[in-house]
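Asks: If you scroll down you'll find the structure; I have some questions about it.
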Amino acid sequence: MPDMFETSPPLPDKVVDTFRDGLQAAKNAGICEPTAMTLATREAEKVSARTVLLKHFDQQGFVFYTNLNSNKGRHLTQHHNAALTFAWLEIEQQVLVEGMVEQVADAEADAYFAGRPRDSQIGAWASLQSQPLGSRQEFEQAIADYQQRFSDQPVPRPPHWSGFRVKPLMVEFWYGREFRLHDRFRWQLDQHNHWQCQRLYP
Ligand SMILES: Cc1cc2nc3c(=O)[nH]c(=O)nc-3n(C[C@H](O)[C@H](O)[C@H](O)COP(=O)(O)O)c2cc1C
């Protein structure tokens, strides 16, 4: 793991509070899936992006859950870099995050998984996420098989299913203004590894 990751300090309260305020404003505005974020990963020279849902955030970073054998899971296991974008278009706000990624602790993933609906838990076992699937029927059969397997017990977290925490090295808040004269505030680490905020041209 690179040095930057080992030494990167937690996010300042101001960043966490600003993000929380934006997310709350997005929820208040009735935005569909306000926790949806675009996750970009890389594999060698190729870059990929897809939507995932934010499940937790604090000074340590932004957490989502997925299948570790999926494309994104493989990418993040090989390359510990990721970028996130929240686009809250109805309230003219965007948040960008760049950082290093770590897998969450097993206990954290277990606790989150235990709180999911049972059908979602079964789905985590039945879906070989990102692998070719012959037919919908094949998937439904796999779901039925796992329902049977766990019929008389709580569904355990699959070993191939967990969370990733994006630990930021950069967070940027964008606020839309008239005539495209927007505001941008970028938080990043200076040469002394302290968080600093800078206003940027839009
Ligand atoms: C609104 C929305 C939320 C999603 N949330 C998640 C999520 O939290 N975790 C996940 O693994 N996939 C989620 N997906 C599916 C991913 O976008 C993607 O199709 C899937 O994870 C496979 O991606 P990959 O092949 O790049 O690994 C979501 C899709 C949408 C449209």
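Residue numbers start at 1 in each chain; chains themselves are named A, B, ... in the order of the structure tokens; ligands are numbered from 1 in the order shown.
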Within segment 93-149 of chain A, find each residue whose DSSP state, derived from the backbone, is helix (DSSP H, G or I), and express the selection as a PyMOL selection string.
Replies: chain A and resi 106-114+118-126+136-149
Asks: Write down as a PyMOL selection string the residues belonging to segment 38-138 of chain A that are assigned strand (DSSP E) by DSSP computed on the backbone.
Replies: chain A and resi 38-43+46-53+56-58+61-67+81-88+93-103
Asks: Using N, CA and C atoms, can you write the selected residues to a file as a compact mmCIF listing (two decimals), in the first residue's frame?
Replies:
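Result file is out16.txt:
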# COMPACT_ATOMS: atom_id res chain seq x y z
N THR A 38 -21.26 7.81 -8.72
CA THR A 38 -20.51 7.15 -9.78
C THR A 38 -19.15 6.77 -9.23
N LEU A 39 -18.81 5.51 -9.38
CA LEU A 39 -17.52 5.00 -8.88
C LEU A 39 -16.64 4.68 -10.08
N ALA A 40 -15.49 5.33 -10.17
CA ALA A 40 -14.54 5.04 -11.24
C ALA A 40 -13.38 4.23 -10.67
N THR A 41 -13.02 3.17 -11.42
CA THR A 41 -11.89 2.33 -11.03
C THR A 41 -11.01 2.14 -12.26
N ARG A 42 -9.85 1.55 -12.05
CA ARG A 42 -9.01 1.31 -13.22
C ARG A 42 -8.46 -0.11 -13.19
N GLU A 43 -8.19 -0.58 -14.40
CA GLU A 43 -7.54 -1.88 -14.57
C GLU A 43 -6.48 -1.68 -15.63
N LYS A 46 -7.08 0.76 -18.58
CA LYS A 46 -8.52 0.95 -18.83
C LYS A 46 -9.19 1.52 -17.59
N VAL A 47 -10.10 2.49 -17.81
CA VAL A 47 -10.87 3.08 -16.71
C VAL A 47 -12.33 2.69 -16.88
N SER A 48 -13.00 2.33 -15.78
CA SER A 48 -14.43 1.95 -15.82
C SER A 48 -15.18 2.77 -14.78
N ALA A 49 -16.48 2.98 -15.04
CA ALA A 49 -17.33 3.68 -14.07
C ALA A 49 -18.69 3.03 -14.02
N ARG A 50 -19.29 3.07 -12.85
CA ARG A 50 -20.66 2.54 -12.64
C ARG A 50 -21.22 3.20 -11.38
N THR A 51 -22.54 3.02 -11.16
CA THR A 51 -23.20 3.61 -10.00
C THR A 51 -23.19 2.63 -8.83
N VAL A 52 -22.90 3.12 -7.64
CA VAL A 52 -23.11 2.34 -6.41
C VAL A 52 -23.75 3.26 -5.38
N LEU A 53 -24.21 2.68 -4.27
CA LEU A 53 -24.87 3.48 -3.23
C LEU A 53 -23.95 3.67 -2.04
N HIS A 56 -22.24 4.54 4.15
CA HIS A 56 -21.73 5.14 5.39
C HIS A 56 -20.67 6.17 5.01
N PHE A 57 -20.61 7.26 5.75
CA PHE A 57 -19.47 8.17 5.58
C PHE A 57 -19.16 8.82 6.91
N ASP A 58 -17.89 9.10 7.11
CA ASP A 58 -17.43 9.81 8.30
C ASP A 58 -16.03 10.33 7.98
N GLY A 61 -13.89 8.21 5.61
CA GLY A 61 -14.15 8.07 4.19
C GLY A 61 -15.56 7.64 3.85
N PHE A 62 -15.72 7.14 2.60
CA PHE A 62 -17.02 6.86 1.99
C PHE A 62 -17.11 5.36 1.72
N VAL A 63 -18.15 4.71 2.26
CA VAL A 63 -18.23 3.24 2.20
C VAL A 63 -19.38 2.79 1.30
N PHE A 64 -19.09 1.78 0.45
CA PHE A 64 -20.14 1.11 -0.33
C PHE A 64 -19.87 -0.40 -0.26
N TYR A 65 -20.88 -1.16 -0.67
CA TYR A 65 -20.78 -2.63 -0.59
C TYR A 65 -20.95 -3.24 -1.97
N THR A 66 -20.30 -4.37 -2.17
CA THR A 66 -20.35 -5.00 -3.49
C THR A 66 -19.81 -6.43 -3.43
N ASN A 67 -19.83 -7.05 -4.61
CA ASN A 67 -19.27 -8.39 -4.77
C ASN A 67 -17.77 -8.24 -5.07
N ASN A 81 -6.88 2.70 -6.10
CA ASN A 81 -7.31 4.07 -6.38
C ASN A 81 -8.74 4.07 -6.88
N ALA A 82 -9.50 5.10 -6.48
CA ALA A 82 -10.87 5.23 -6.98
C ALA A 82 -11.27 6.69 -6.96
N ALA A 83 -12.30 7.01 -7.75
CA ALA A 83 -12.91 8.34 -7.72
C ALA A 83 -14.42 8.16 -7.62
N LEU A 84 -15.06 9.09 -6.92
CA LEU A 84 -16.51 9.08 -6.75
C LEU A 84 -17.08 10.41 -7.22
N THR A 85 -18.28 10.38 -7.79
CA THR A 85 -18.99 11.61 -8.13
C THR A 85 -20.43 11.53 -7.65
N PHE A 86 -20.85 12.49 -6.87
CA PHE A 86 -22.26 12.67 -6.53
C PHE A 86 -22.77 13.82 -7.39
N ALA A 87 -23.82 13.60 -8.16
CA ALA A 87 -24.39 14.65 -9.00
C ALA A 87 -25.82 14.91 -8.53
N TRP A 88 -25.99 15.91 -7.69
CA TRP A 88 -27.32 16.27 -7.19
C TRP A 88 -27.84 17.41 -8.06
N GLN A 93 -25.75 20.83 -7.20
CA GLN A 93 -24.54 20.55 -6.43
C GLN A 93 -23.86 19.29 -6.97
N GLN A 94 -22.56 19.30 -6.90
CA GLN A 94 -21.76 18.12 -7.26
C GLN A 94 -20.67 17.97 -6.20
N VAL A 95 -20.37 16.72 -5.84
CA VAL A 95 -19.24 16.45 -4.95
C VAL A 95 -18.34 15.43 -5.64
N LEU A 96 -17.07 15.74 -5.71
CA LEU A 96 -16.07 14.83 -6.28
C LEU A 96 -15.15 14.33 -5.17
N VAL A 97 -14.81 13.06 -5.24
CA VAL A 97 -13.88 12.48 -4.27
C VAL A 97 -12.84 11.68 -5.04
N GLU A 98 -11.58 11.85 -4.68
CA GLU A 98 -10.53 10.97 -5.19
C GLU A 98 -9.80 10.41 -3.99
N GLY A 99 -9.42 9.15 -4.06
CA GLY A 99 -8.73 8.62 -2.89
C GLY A 99 -8.22 7.22 -3.08
N MET A 100 -7.78 6.68 -1.96
CA MET A 100 -7.28 5.32 -1.90
C MET A 100 -8.36 4.46 -1.27
N VAL A 101 -8.37 3.19 -1.63
CA VAL A 101 -9.45 2.31 -1.21
C VAL A 101 -8.93 1.19 -0.32
N GLU A 102 -9.69 0.90 0.73
CA GLU A 102 -9.39 -0.28 1.55
C GLU A 102 -10.69 -1.06 1.75
N GLN A 103 -10.56 -2.36 1.95
CA GLN A 103 -11.74 -3.18 2.26
C GLN A 103 -12.12 -2.92 3.71
Asks: Could you check the closest approach to Gln59 of chain A for each of A:Val15, A:Ile143, A:Ile122, A:Ala44 and tell me which residue wins, using only C-alpha atoms?
Replies: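 Among the listed residues, the smallest separation from Gln59 of chain A belongs to A:Val15.
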Asks: From the list A:Ser135, A:Ser70, A:Gln78, A:Gln141, which residue is nearest ligand 1 when using only C-alpha atoms and all ligand atoms?
Replies: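 So, comparing all the options, the nearest one is A:Ser70.
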Asks: Taking into account only C-alpha atoms, which residue in the set A:Leu89, A:Ala105, A:Leu68, A:Leu181 is nearest to Ala124 of chain A?
Replies: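 For Ala124 of chain A, the nearest of the candidates is A:Leu68.
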Asks: Of the residues A:Pro10, A:Gly115, A:Pro159, A:Gly123, which is the one nearest to ligand 1, using only C-alpha atoms and all ligand atoms?
Replies: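 Counting only C-alpha atoms and all ligand atoms, the residue closest to ligand 1 is A:Gly123.
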Asks: Neighbours of segment 185-196 of chain A within 7 Å (only C-alpha atoms; same-chain residues fewer than 3 positions away dropped), as a ChimeraX atom specification?
Replies: /A:8,169-174,199-200
Asks: I'd like to know which of A:Gln129, A:Gln198, A:Ser162, A:Gln24 is closest to Ala114 of chain A, using only C-alpha atoms.
Replies: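 Ranking A:Gln129, A:Gln198, A:Ser162, A:Gln24 by distance to Ala114 of chain A, first place goes to A:Ser162.
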Asks: Restricting the calculation to only C-alpha atoms and all ligand atoms: of A:His80, A:Arg180, A:Arg165, A:Lys55, which residue gets closest to ligand 1?
Replies: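 Smallest separation from ligand 1 among the options: A:Lys55.
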Asks: Might you pull out every residue within 12 Å of Glu178 of chain A, with only C-alpha atoms counted and same-chain residues fewer than 4 positions away left off, and present them as a ChimeraX atom specification?
Replies: /A:92,182-183,202
Asks: Those residues with N, CA and C atoms, as a compact mmCIF listing (two decimals), in the first residue's frame please?
Replies:
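Resulting contents of result.txt:
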# COMPACT_ATOMS: atom_id res chain seq x y z
N GLU A 92 -28.37 21.64 -7.97
CA GLU A 92 -27.17 22.21 -8.57
C GLU A 92 -25.94 22.05 -7.67
N HIS A 182 -19.99 29.36 -11.56
CA HIS A 182 -20.18 28.48 -10.40
C HIS A 182 -19.11 28.68 -9.34
N ASP A 183 -19.38 28.11 -8.15
CA ASP A 183 -18.39 28.08 -7.06
C ASP A 183 -17.81 26.68 -6.95
N PRO A 202 -14.40 28.27 -12.03
CA PRO A 202 -15.37 27.23 -12.43
C PRO A 202 -15.03 26.60 -13.77
Asks: I'd like the interatomic distance between atom 26 (O, counted along the ligand's line) of ligand 1 and atom CA of Lys72 of chain A, to a tenth of an Å.
Replies: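 Atom-to-atom, atom 26 (O, counted along the ligand's line) of ligand 1 to atom CA of Lys72 of chain A, that is 4.6 Å.
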